[in-house]
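Structure data (mmCIF, C-alpha atoms) from entry.cif:
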```cif
data_target
loop_
_atom_site.label_atom_id
_atom_site.label_comp_id
_atom_site.auth_asym_id
_atom_site.auth_seq_id
_atom_site.Cartn_x
_atom_site.Cartn_y
_atom_site.Cartn_z
CA MET A 1 61.95 100.74 128.41
CA LYS A 2 58.52 101.77 129.56
CA LYS A 3 58.66 102.73 133.23
CA LYS A 4 56.94 100.25 135.53
CA THR A 5 56.12 100.20 139.21
CA ILE A 6 58.80 98.39 141.19
CA SER A 7 57.36 95.30 142.86
CA ALA A 8 57.96 94.82 146.57
CA LEU A 9 59.78 91.56 145.89
CA LEU A 10 62.12 93.03 143.31
CA LEU A 11 62.67 96.06 145.52
CA ALA A 12 63.87 93.64 148.21
CA PHE A 13 66.81 92.76 145.98
CA LEU A 14 67.91 96.39 145.91
CA VAL A 15 69.25 98.51 148.74
CA PHE A 16 69.64 102.22 149.09
CA ALA A 17 73.33 102.99 149.38
CA GLY A 18 75.11 106.27 149.65
CA GLY A 19 78.64 107.51 149.55
CA CYS A 20 79.43 107.70 145.87
CA ASN A 21 78.05 109.31 142.74
CA ASP A 22 76.05 107.73 139.93
CA LYS A 23 79.06 107.21 137.67
CA GLU A 24 80.96 105.39 140.41
CA LYS A 25 77.94 103.23 141.14
CA GLU A 26 77.60 102.30 137.46
CA GLU A 27 81.27 101.34 137.34
CA ASN A 28 80.97 99.35 140.58
CA GLN A 29 77.85 97.62 139.32
CA GLU A 30 79.51 96.51 136.10
CA ALA A 31 82.58 95.35 138.03
CA TYR A 32 80.49 93.23 140.41
CA ARG A 33 78.48 91.87 137.47
CA GLN A 34 81.67 90.74 135.73
CA ILE A 35 82.98 89.19 138.94
CA GLY A 36 79.72 87.24 139.19
CA ILE A 37 80.04 85.99 135.61
CA ASN A 38 83.66 84.96 136.25
CA ARG A 39 82.68 83.08 139.42
CA MET A 40 79.94 81.24 137.52
CA GLU A 41 82.43 80.16 134.87
CA GLU A 42 84.66 78.88 137.67
CA GLY A 43 81.77 76.93 139.20
CA LYS A 44 81.77 79.09 142.35
CA TYR A 45 78.05 79.71 142.33
CA ASP A 46 77.56 80.95 145.91
CA GLU A 47 80.23 83.58 145.34
CA ALA A 48 78.56 84.48 142.05
CA VAL A 49 75.25 85.07 143.85
CA GLU A 50 77.00 87.39 146.31
CA ALA A 51 78.65 89.32 143.50
CA PHE A 52 75.39 89.76 141.57
CA GLN A 53 73.66 90.96 144.74
CA SER A 54 76.47 93.46 145.29
CA ALA A 55 75.90 94.65 141.72
CA LEU A 56 72.20 95.12 142.44
CA ASP A 57 73.07 96.99 145.63
CA GLN A 58 74.53 99.76 143.46
CA SER A 59 71.22 100.52 141.76
CA LEU A 60 69.66 102.91 144.30
CA ALA A 61 66.37 101.09 143.57
CA ARG A 62 66.39 102.21 139.94
CA ILE A 63 65.55 99.33 137.62
CA GLY A 64 66.64 99.29 134.00
CA GLU A 65 67.84 96.74 131.47
CA ARG A 66 71.13 96.24 133.32
CA GLU A 67 69.45 95.46 136.64
CA LEU A 68 67.09 92.98 134.98
CA ASP A 69 70.03 91.32 133.26
CA ILE A 70 71.80 90.96 136.62
CA CYS A 71 68.66 89.46 138.16
CA TYR A 72 68.65 86.77 135.48
CA TYR A 73 72.29 85.99 136.15
CA LYS A 74 71.59 85.89 139.87
CA ALA A 75 68.70 83.45 139.45
CA GLU A 76 70.85 81.15 137.30
CA ALA A 77 73.64 81.22 139.88
CA GLN A 78 71.15 80.51 142.69
CA TYR A 79 69.83 77.51 140.79
CA LEU A 80 73.30 76.16 140.02
CA ALA A 81 74.23 76.60 143.69
CA GLY A 82 71.30 74.38 144.61
CA ASN A 83 69.17 77.21 145.99
CA VAL A 84 66.14 76.41 143.83
CA SER A 85 63.65 78.19 146.10
CA ASP A 86 65.69 81.42 145.99
CA ALA A 87 65.97 81.20 142.20
CA GLN A 88 62.21 80.80 141.92
CA LYS A 89 61.74 83.89 144.09
CA THR A 90 64.01 85.87 141.79
CA TYR A 91 62.04 84.81 138.71
CA THR A 92 58.79 85.59 140.54
CA ALA A 93 60.12 89.07 141.28
CA LEU A 94 60.90 89.56 137.60
CA ILE A 95 57.36 88.45 136.70
CA GLU A 96 55.85 90.81 139.27
CA TYR A 97 57.86 93.61 137.72
CA ASP A 98 56.79 92.70 134.18
CA LYS A 99 53.71 90.47 133.91
CA LYS A 100 54.57 89.77 130.26
CA ASP A 101 58.14 88.55 130.82
CA ALA A 102 58.02 85.31 128.81
CA LYS A 103 61.61 84.39 129.65
CA ALA A 104 60.98 84.52 133.40
CA TYR A 105 57.81 82.43 133.07
CA TYR A 106 59.68 79.84 131.02
CA LEU A 107 62.64 79.56 133.39
CA ARG A 108 60.45 79.40 136.48
CA GLY A 109 58.37 76.75 134.73
CA CYS A 110 61.49 74.67 134.11
CA MET A 111 62.23 74.73 137.82
CA TYR A 112 58.68 73.81 138.77
CA LEU A 113 58.85 70.87 136.36
CA ALA A 114 62.15 69.66 137.85
CA GLU A 115 60.49 69.67 141.28
CA GLY A 116 57.54 67.64 140.08
CA ARG A 117 55.18 70.62 140.18
CA GLY A 118 53.85 69.83 136.73
CA GLN A 119 50.65 71.85 136.77
CA GLU A 120 52.42 75.03 137.86
CA ALA A 121 55.09 74.44 135.21
CA LYS A 122 52.48 74.03 132.49
CA GLU A 123 50.76 77.24 133.59
CA ASP A 124 54.06 79.11 133.33
CA PHE A 125 54.83 77.60 129.91
CA ALA A 126 51.39 78.63 128.66
CA ALA A 127 51.96 82.16 129.94
CA ALA A 128 55.37 82.29 128.25
CA VAL A 129 54.02 81.50 124.77
CA LYS A 130 51.04 83.77 125.37
CA TYR A 131 53.39 86.73 125.58
CA GLU A 132 55.93 85.54 122.98
CA LYS A 133 53.79 83.88 120.31
CA ASN A 134 56.46 83.98 117.59
CA ASP A 135 59.52 82.77 119.52
CA TYR A 136 60.56 79.44 118.00
CA GLU A 137 63.28 78.89 120.62
CA LEU A 138 60.68 79.16 123.35
CA TYR A 139 58.46 76.47 121.80
CA ILE A 140 61.46 74.20 121.23
CA GLY A 141 62.65 74.74 124.80
CA ILE A 142 59.25 73.87 126.26
CA TYR A 143 59.07 70.81 123.99
CA GLY A 144 62.41 69.62 125.36
CA GLN A 145 61.39 70.16 128.97
CA LEU A 146 58.04 68.39 128.65
CA SER A 147 59.53 65.52 126.63
CA ALA A 148 62.17 64.93 129.31
CA ALA A 149 59.40 64.85 131.91
CA GLY A 150 57.50 62.18 129.97
CA GLU A 151 54.79 64.57 128.73
CA SER A 152 55.29 63.67 125.07
CA GLY A 153 51.73 64.50 123.99
CA GLU A 154 51.73 68.03 125.33
CA ALA A 155 55.31 68.48 124.16
CA ALA A 156 54.30 67.66 120.58
CA GLU A 157 51.49 70.22 120.75
CA TYR A 158 54.05 72.99 121.31
CA LEU A 159 55.93 71.97 118.16
CA GLU A 160 52.67 71.97 116.20
CA SER A 161 51.96 75.48 117.47
CA ALA A 162 55.44 76.62 116.47
CA LEU A 163 54.88 75.37 112.91
CA GLU A 164 51.87 77.69 112.69
CA ILE A 165 54.14 80.74 112.91
CA SER A 166 54.14 82.36 109.49
CA GLY A 167 57.20 83.84 107.88
CA LYS A 168 59.51 83.43 104.91
CA SER A 169 62.78 84.75 106.26
CA ALA A 170 65.92 82.62 106.46
CA GLU A 171 65.42 82.38 110.22
CA ASP A 172 61.84 81.14 109.78
CA TYR A 173 62.97 78.36 107.45
CA LEU A 174 65.86 77.46 109.77
CA GLN A 175 63.62 77.13 112.80
CA ARG A 176 60.96 75.18 110.92
CA GLY A 177 63.70 72.84 109.73
CA ARG A 178 64.81 72.28 113.33
CA ILE A 179 61.23 71.51 114.35
CA TYR A 180 60.74 69.05 111.51
CA LEU A 181 63.93 67.31 112.67
CA LEU A 182 62.42 66.97 116.13
CA THR A 183 59.22 65.51 114.69
CA GLY A 184 61.21 63.05 112.58
CA ASP A 185 60.07 64.48 109.25
CA ASN A 186 63.48 64.55 107.56
CA GLU A 187 62.06 65.29 104.12
CA LYS A 188 60.43 68.53 105.23
CA ALA A 189 63.43 69.31 107.43
CA LYS A 190 65.79 69.05 104.47
CA GLU A 191 63.56 71.24 102.31
CA ALA A 192 63.29 73.94 104.96
CA LEU A 193 66.98 73.88 105.92
CA GLU A 194 68.17 74.00 102.31
CA THR A 195 65.90 77.00 101.74
CA ALA A 196 67.42 78.66 104.81
CA LEU A 197 70.89 77.96 103.43
CA GLU A 198 69.92 79.41 100.05
CA LYS A 199 68.83 82.51 101.94
CA GLU A 200 72.35 82.64 103.44
CA ASN A 201 71.66 81.37 106.94
CA GLY A 202 74.88 79.48 107.63
CA GLU A 203 73.53 77.85 110.80
CA ALA A 204 71.44 75.60 108.56
CA LYS A 205 74.64 73.67 107.79
CA PHE A 206 74.80 72.41 111.36
CA TYR A 207 71.22 71.16 111.37
CA LEU A 208 71.63 69.60 107.94
CA GLY A 209 74.60 67.80 109.48
CA GLN A 210 72.34 66.54 112.26
CA MET A 211 69.79 65.39 109.71
CA TYR A 212 72.36 63.43 107.72
CA GLU A 213 73.89 61.97 110.88
CA ALA A 214 70.48 60.78 112.11
CA ALA A 215 69.95 59.14 108.72
CA GLY A 216 73.29 57.31 109.04
CA GLU A 217 74.94 59.34 106.26
CA ASP A 218 78.06 60.22 108.20
CA GLU A 219 80.11 61.43 105.23
CA LYS A 220 77.52 64.02 104.25
CA ALA A 221 77.10 64.98 107.90
CA GLN A 222 80.85 65.42 108.28
CA LYS A 223 81.03 67.76 105.29
CA MET A 224 78.25 69.92 106.71
CA TYR A 225 79.80 70.03 110.18
CA GLU A 226 83.24 70.87 108.79
CA SER A 227 81.81 73.68 106.69
CA TYR A 228 79.89 75.05 109.67
CA ALA A 229 82.91 74.80 111.98
CA GLY A 230 85.04 76.64 109.42
CA ASP A 231 82.57 79.51 109.35
CA HIS A 232 81.97 79.56 113.13
CA THR A 233 85.39 79.16 114.72
CA ASP A 234 84.18 80.05 118.24
CA ASP A 235 81.35 77.50 118.26
CA ALA A 236 82.04 74.10 119.81
CA LYS A 237 78.96 72.12 118.82
CA ALA A 238 79.97 71.10 115.28
CA LEU A 239 83.42 70.06 116.51
CA VAL A 240 81.80 67.86 119.16
CA SER A 241 79.58 66.29 116.51
CA LEU A 242 82.63 65.63 114.33
CA ALA A 243 84.30 63.99 117.33
CA ASP A 244 81.26 61.76 117.84
CA ILE A 245 81.42 60.61 114.22
CA SER A 246 85.16 59.89 114.59
CA LEU A 247 84.54 57.89 117.78
CA ARG A 248 81.94 55.74 116.01
CA ARG A 249 84.46 55.05 113.25
CA GLY A 250 87.16 54.14 115.74
CA GLU A 251 89.24 57.18 114.72
CA TYR A 252 90.11 58.05 118.30
CA GLU A 253 93.07 60.36 117.68
CA LYS A 254 90.97 62.41 115.28
CA ALA A 255 88.20 62.61 117.90
CA VAL A 256 90.71 63.87 120.47
CA SER A 257 91.87 66.54 118.03
CA TYR A 258 88.31 67.76 117.42
CA LEU A 259 87.55 67.85 121.14
CA LYS A 260 90.71 69.80 121.95
CA LYS A 261 89.75 72.35 119.30
CA ALA A 262 86.28 72.52 120.85
CA GLN A 263 87.85 73.25 124.24
CA GLU A 264 89.68 76.21 122.73
CA THR A 265 86.41 77.93 121.84
CA LYS A 266 84.76 80.31 124.26
CA GLU A 267 81.75 78.02 124.42
CA GLY A 268 83.83 74.96 125.23
CA GLU A 269 86.59 76.23 127.49
CA ASN A 270 84.64 75.68 130.74
CA SER A 271 82.40 72.81 129.66
CA ARG A 272 82.63 69.93 132.15
CA ARG A 273 80.68 67.66 129.78
CA LEU A 274 83.20 68.33 127.02
CA GLN A 275 86.11 67.70 129.38
CA LYS A 276 84.72 64.29 130.37
CA LYS A 277 84.19 63.39 126.71
CA LEU A 278 87.81 64.35 125.97
CA ILE A 279 89.06 62.17 128.84
CA ALA A 280 87.14 59.19 127.46
CA ALA A 281 88.46 59.82 123.92
CA CYS A 282 92.06 60.00 125.20
CA GLU A 283 91.59 56.66 126.95
CA MET A 284 90.16 55.08 123.78
CA ALA A 285 93.15 56.41 121.85
CA GLY A 286 95.48 54.84 124.41
CA ASN A 287 96.81 58.25 125.35
CA PHE A 288 96.67 57.74 129.11
CA ALA A 289 99.07 60.60 129.90
CA ASP A 290 96.69 63.15 128.35
CA ALA A 291 93.70 61.41 129.95
CA LYS A 292 95.37 61.63 133.37
CA ARG A 293 96.25 65.30 132.84
CA GLU A 294 92.68 66.17 131.79
CA MET A 295 91.26 64.19 134.71
CA GLU A 296 93.47 66.12 137.15
CA ARG A 297 92.00 69.36 135.83
CA TYR A 298 88.47 67.98 135.99
CA ILE A 299 88.78 66.77 139.61
CA LYS A 300 90.23 70.12 140.65
CA ASP A 301 87.17 71.86 139.18
CA CYS A 302 84.63 69.22 140.28
CA PRO A 303 85.86 67.68 143.56
CA GLU A 304 82.34 66.40 144.31
CA ASP A 305 82.51 63.88 141.42
CA LYS A 306 83.54 60.71 143.30
CA LYS A 307 83.26 58.54 140.20
CA ALA A 308 85.86 60.72 138.49
CA GLU A 309 88.17 60.32 141.49
CA ARG A 310 87.99 56.53 141.16
CA GLU A 311 88.72 56.80 137.44
CA TYR A 312 91.70 59.02 138.23
CA GLU A 313 93.10 56.38 140.58
CA PHE A 314 92.86 53.89 137.72
CA LEU A 315 94.60 56.24 135.29
CA LYS A 316 97.50 56.72 137.68
CA THR A 317 98.28 53.01 137.31
CA ARG A 318 98.46 53.14 133.50
#
```
Serialized structure, C-alpha cells:
Amino acid sequence: MKKKTISALLLAFLVFAGGCNDKEKEENQEAYRQIGINRMEEGKYDEAVEAFQSALDQSLARIGERELDICYYKAEAQYLAGNVSDAQKTYTALIEYDKKDAKAYYLRGCMYLAEGRGQEAKEDFAAAVKYEKNDYELYIGIYGQLSAAGESGEAAEYLESALEISGKSAEDYLQRGRIYLLTGDNEKAKEALETALEKENGEAKFYLGQMYEAAGEDEKAQKMYESYAGDHTDDAKALVSLADISLRRGEYEKAVSYLKKAQETKEGENSRRLQKKLIAACEMAGNFADAKREMERYIKDCPEDKKAEREYEFLKTR
C-alpha cells in the first residue's frame, strides 16, 4: 500500500503502547480482532467494539491493511450496537486517511440515509462510484438503499450507469444479468445469465433460479437452486429459496429440512432471520416441540424481542 499521512481522527483510534515487541503486538492484535469477530457473531456488539479497539491499540500508530480492516469491523460493531454517530466518525476517519475509499463513502452514506440525511448520503454515494466506476456491487447496493428510501428515480439511474460498464467476462455477464433482474427485464437477464453460466460462472444458477421463481416457474427455479446448493454447500441462500418454494406448496416438512441445512452453513449458523423462519416453518408443519426448542434458543440470543417472548408462551401450551 502506498504510504499516506495518518489523519488526526484515525490517529485518535490508535495509542502508543510499550512493553512488548512487534511480534507480540501482531499476535495480540490478531487475537483481539478474532475476539471482536466472535463477539459480533454472538450479538455482543459493545464487547466487540472494545475488542477491536484493543486490537488497534497494538498498532503503535502504524496503519496498514490489517488496521484498516479492523476499523471497518469496529464501525460495523458500533452501528450494530446502536452507536451510529461513533460509526460515522470511524468511516470519516477512514475517508480522511484515504480520500478515494469508495467503501467508506458508501457505508457512511447508508448511515446518513437511515438518519434522513438524504443529501449527505447522495453526496457520499456519488463519491463512492466516482472512485470505483466499475464496481457492480456498489451500484446495486446504492440502488437498494435509495429504493428503500423511496428514491426510485435516482436509484434507477445507478442501475443504468452500471449497465454502461463494458466487459465480456463471466462476472460481467453475471452482474448485468442481476441488474436486468432488478429492472424487470427477464429476457435480457436470462440471456446474460445463461452466457455467464456458459462461461462457467456457477453463481448464475442462483440468479436464474430467482428469475424463474419471479416468473412463477417454480419447478425450473427449484432445479437451479438445487444445482447451485449442491455446488456451494456452505451457502445458505439457495436453501432458503428452496424452503420458500416448499412453504408456498404447503410442503412444510421439506421446508424445515431445507432451513435446518441452511442453519448448518457458516453463513446461516448465526442468522436470526433464518432462525425465525425456521420457527414459523416448524409451526406450520405441526412440529411444536422443534418450534419451542428453536424459540428458546432465539430468545436466549435476542432477549429484547418481546414479540418472540409472547410467541414462546403460546408454544409452551401446545
Output of the PyMOL selection byres ((chain A and resi 99-101) around 12), listed as number ranges by chain
A: 4-7, 68, 72, 91-98, 102-108, 124-133
Any chance you could export the current selection's C-alpha atoms as a PDB file, in the frame of the given file?
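Saved to again-v8.pdb:
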```
ATOM      1  CA  LYS A   4      56.940 100.250 135.530  1.00  0.00           C
ATOM      2  CA  THR A   5      56.120 100.200 139.210  1.00  0.00           C
ATOM      3  CA  ILE A   6      58.800  98.390 141.190  1.00  0.00           C
ATOM      4  CA  SER A   7      57.360  95.300 142.860  1.00  0.00           C
ATOM      5  CA  LEU A  68      67.090  92.980 134.980  1.00  0.00           C
ATOM      6  CA  TYR A  72      68.650  86.770 135.480  1.00  0.00           C
ATOM      7  CA  TYR A  91      62.040  84.810 138.710  1.00  0.00           C
ATOM      8  CA  THR A  92      58.790  85.590 140.540  1.00  0.00           C
ATOM      9  CA  ALA A  93      60.120  89.070 141.280  1.00  0.00           C
ATOM     10  CA  LEU A  94      60.900  89.560 137.600  1.00  0.00           C
ATOM     11  CA  ILE A  95      57.360  88.450 136.700  1.00  0.00           C
ATOM     12  CA  GLU A  96      55.850  90.810 139.270  1.00  0.00           C
ATOM     13  CA  TYR A  97      57.860  93.610 137.720  1.00  0.00           C
ATOM     14  CA  ASP A  98      56.790  92.700 134.180  1.00  0.00           C
ATOM     15  CA  ALA A 102      58.020  85.310 128.810  1.00  0.00           C
ATOM     16  CA  LYS A 103      61.610  84.390 129.650  1.00  0.00           C
ATOM     17  CA  ALA A 104      60.980  84.520 133.400  1.00  0.00           C
ATOM     18  CA  TYR A 105      57.810  82.430 133.070  1.00  0.00           C
ATOM     19  CA  TYR A 106      59.680  79.840 131.020  1.00  0.00           C
ATOM     20  CA  LEU A 107      62.640  79.560 133.390  1.00  0.00           C
ATOM     21  CA  ARG A 108      60.450  79.400 136.480  1.00  0.00           C
ATOM     22  CA  ASP A 124      54.060  79.110 133.330  1.00  0.00           C
ATOM     23  CA  PHE A 125      54.830  77.600 129.910  1.00  0.00           C
ATOM     24  CA  ALA A 126      51.390  78.630 128.660  1.00  0.00           C
ATOM     25  CA  ALA A 127      51.960  82.160 129.940  1.00  0.00           C
ATOM     26  CA  ALA A 128      55.370  82.290 128.250  1.00  0.00           C
ATOM     27  CA  VAL A 129      54.020  81.500 124.770  1.00  0.00           C
ATOM     28  CA  LYS A 130      51.040  83.770 125.370  1.00  0.00           C
ATOM     29  CA  TYR A 131      53.390  86.730 125.580  1.00  0.00           C
ATOM     30  CA  GLU A 132      55.930  85.540 122.980  1.00  0.00           C
ATOM     31  CA  LYS A 133      53.790  83.880 120.310  1.00  0.00           C
TER      32      LYS A 133
END
```
Apply the PyMOL selection byres ((chain A and resi 284) around 10) to the file shown and report the selected residues as a PyMOL selection string.
chain A and resi 247+250-253+255-256+278-283+285-288+291
Nearby residues (all atoms listed in the file) at most 9 Å from stretch 167-170 of chain A, same-chain spacing under 3 positions excluded, as JSON, numbers by chain:
{"A": [173, 174, 175, 193, 195, 196, 197, 198, 199, 200, 201]}
Counting only C-alpha atoms, which residues of stretch 113-202 of chain A sit at most 8 Å from some atom of stretch 210-213 of chain A, and what is each one's closest atom pair with its distance in Å to one decimal, listed by chain and rising residue number, as CSV?
```
residue,atom,partner,partner_atom,distance
A:Leu181,CA,A:Met211,CA,6.8
A:Asn186,CA,A:Met211,CA,6.7
A:Ala189,CA,A:Met211,CA,7.8
A:Lys190,CA,A:Met211,CA,7.5
```
Exactly which residues make up the result of the PyMOL selection byres ((chain A and resi 77-82) around 10) on this file, given as a VMD selection string?
chain A and resid 36 to 37 39 to 40 43 to 50 52 71 to 76 83 to 88 90 111
Applying 9 Å and all atoms listed in the file, which residues near A:Ser54 remain after dropping the ones on its own chain fewer than 6 positions away? List them as an MDAnalysis selection string.
chainID A and resid 28:29 32:33
Quick one: pull the distance between atom CA of A:Asp234 and atom CA of A:Lys261, Å, one decimal.
9.6 Å
If I take atom CA of A:Gln53 and atom CA of A:Glu24, how far is one from the other in Å, to one decimal?
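The value is 16.7 Å.
Across the structure, atom CA of A:Ser152 and atom CA of A:Phe206 are spaced 25.4 Å apart.
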Residues within 9 Å of A:Glu264, all atoms listed in the file, excluding chain neighbours under 4 positions, as a list of chain:residue names
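The contact residues come out as A:Asp234, A:Ala236, A:Leu259, A:Lys260, A:Gly268, A:Glu269.
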For A:Glu203, the nearest of the candidates A:Ala229, A:Ile165, A:Ala55, A:Ala149, counting all atoms listed in the file
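Counting all atoms listed in the file, the residue closest to A:Glu203 is A:Ala229.
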Take every atom of stretch 299-303 of chain A listed in the file, fit an axis-aligned box around them, add 8 Å per side, and give the centre and edge lengths in Å to one decimal as JSON.
```
{"center_x": 87.4, "center_y": 69.3, "center_z": 141.4, "size_x": 21.6, "size_y": 21.1, "size_z": 20.4}
```
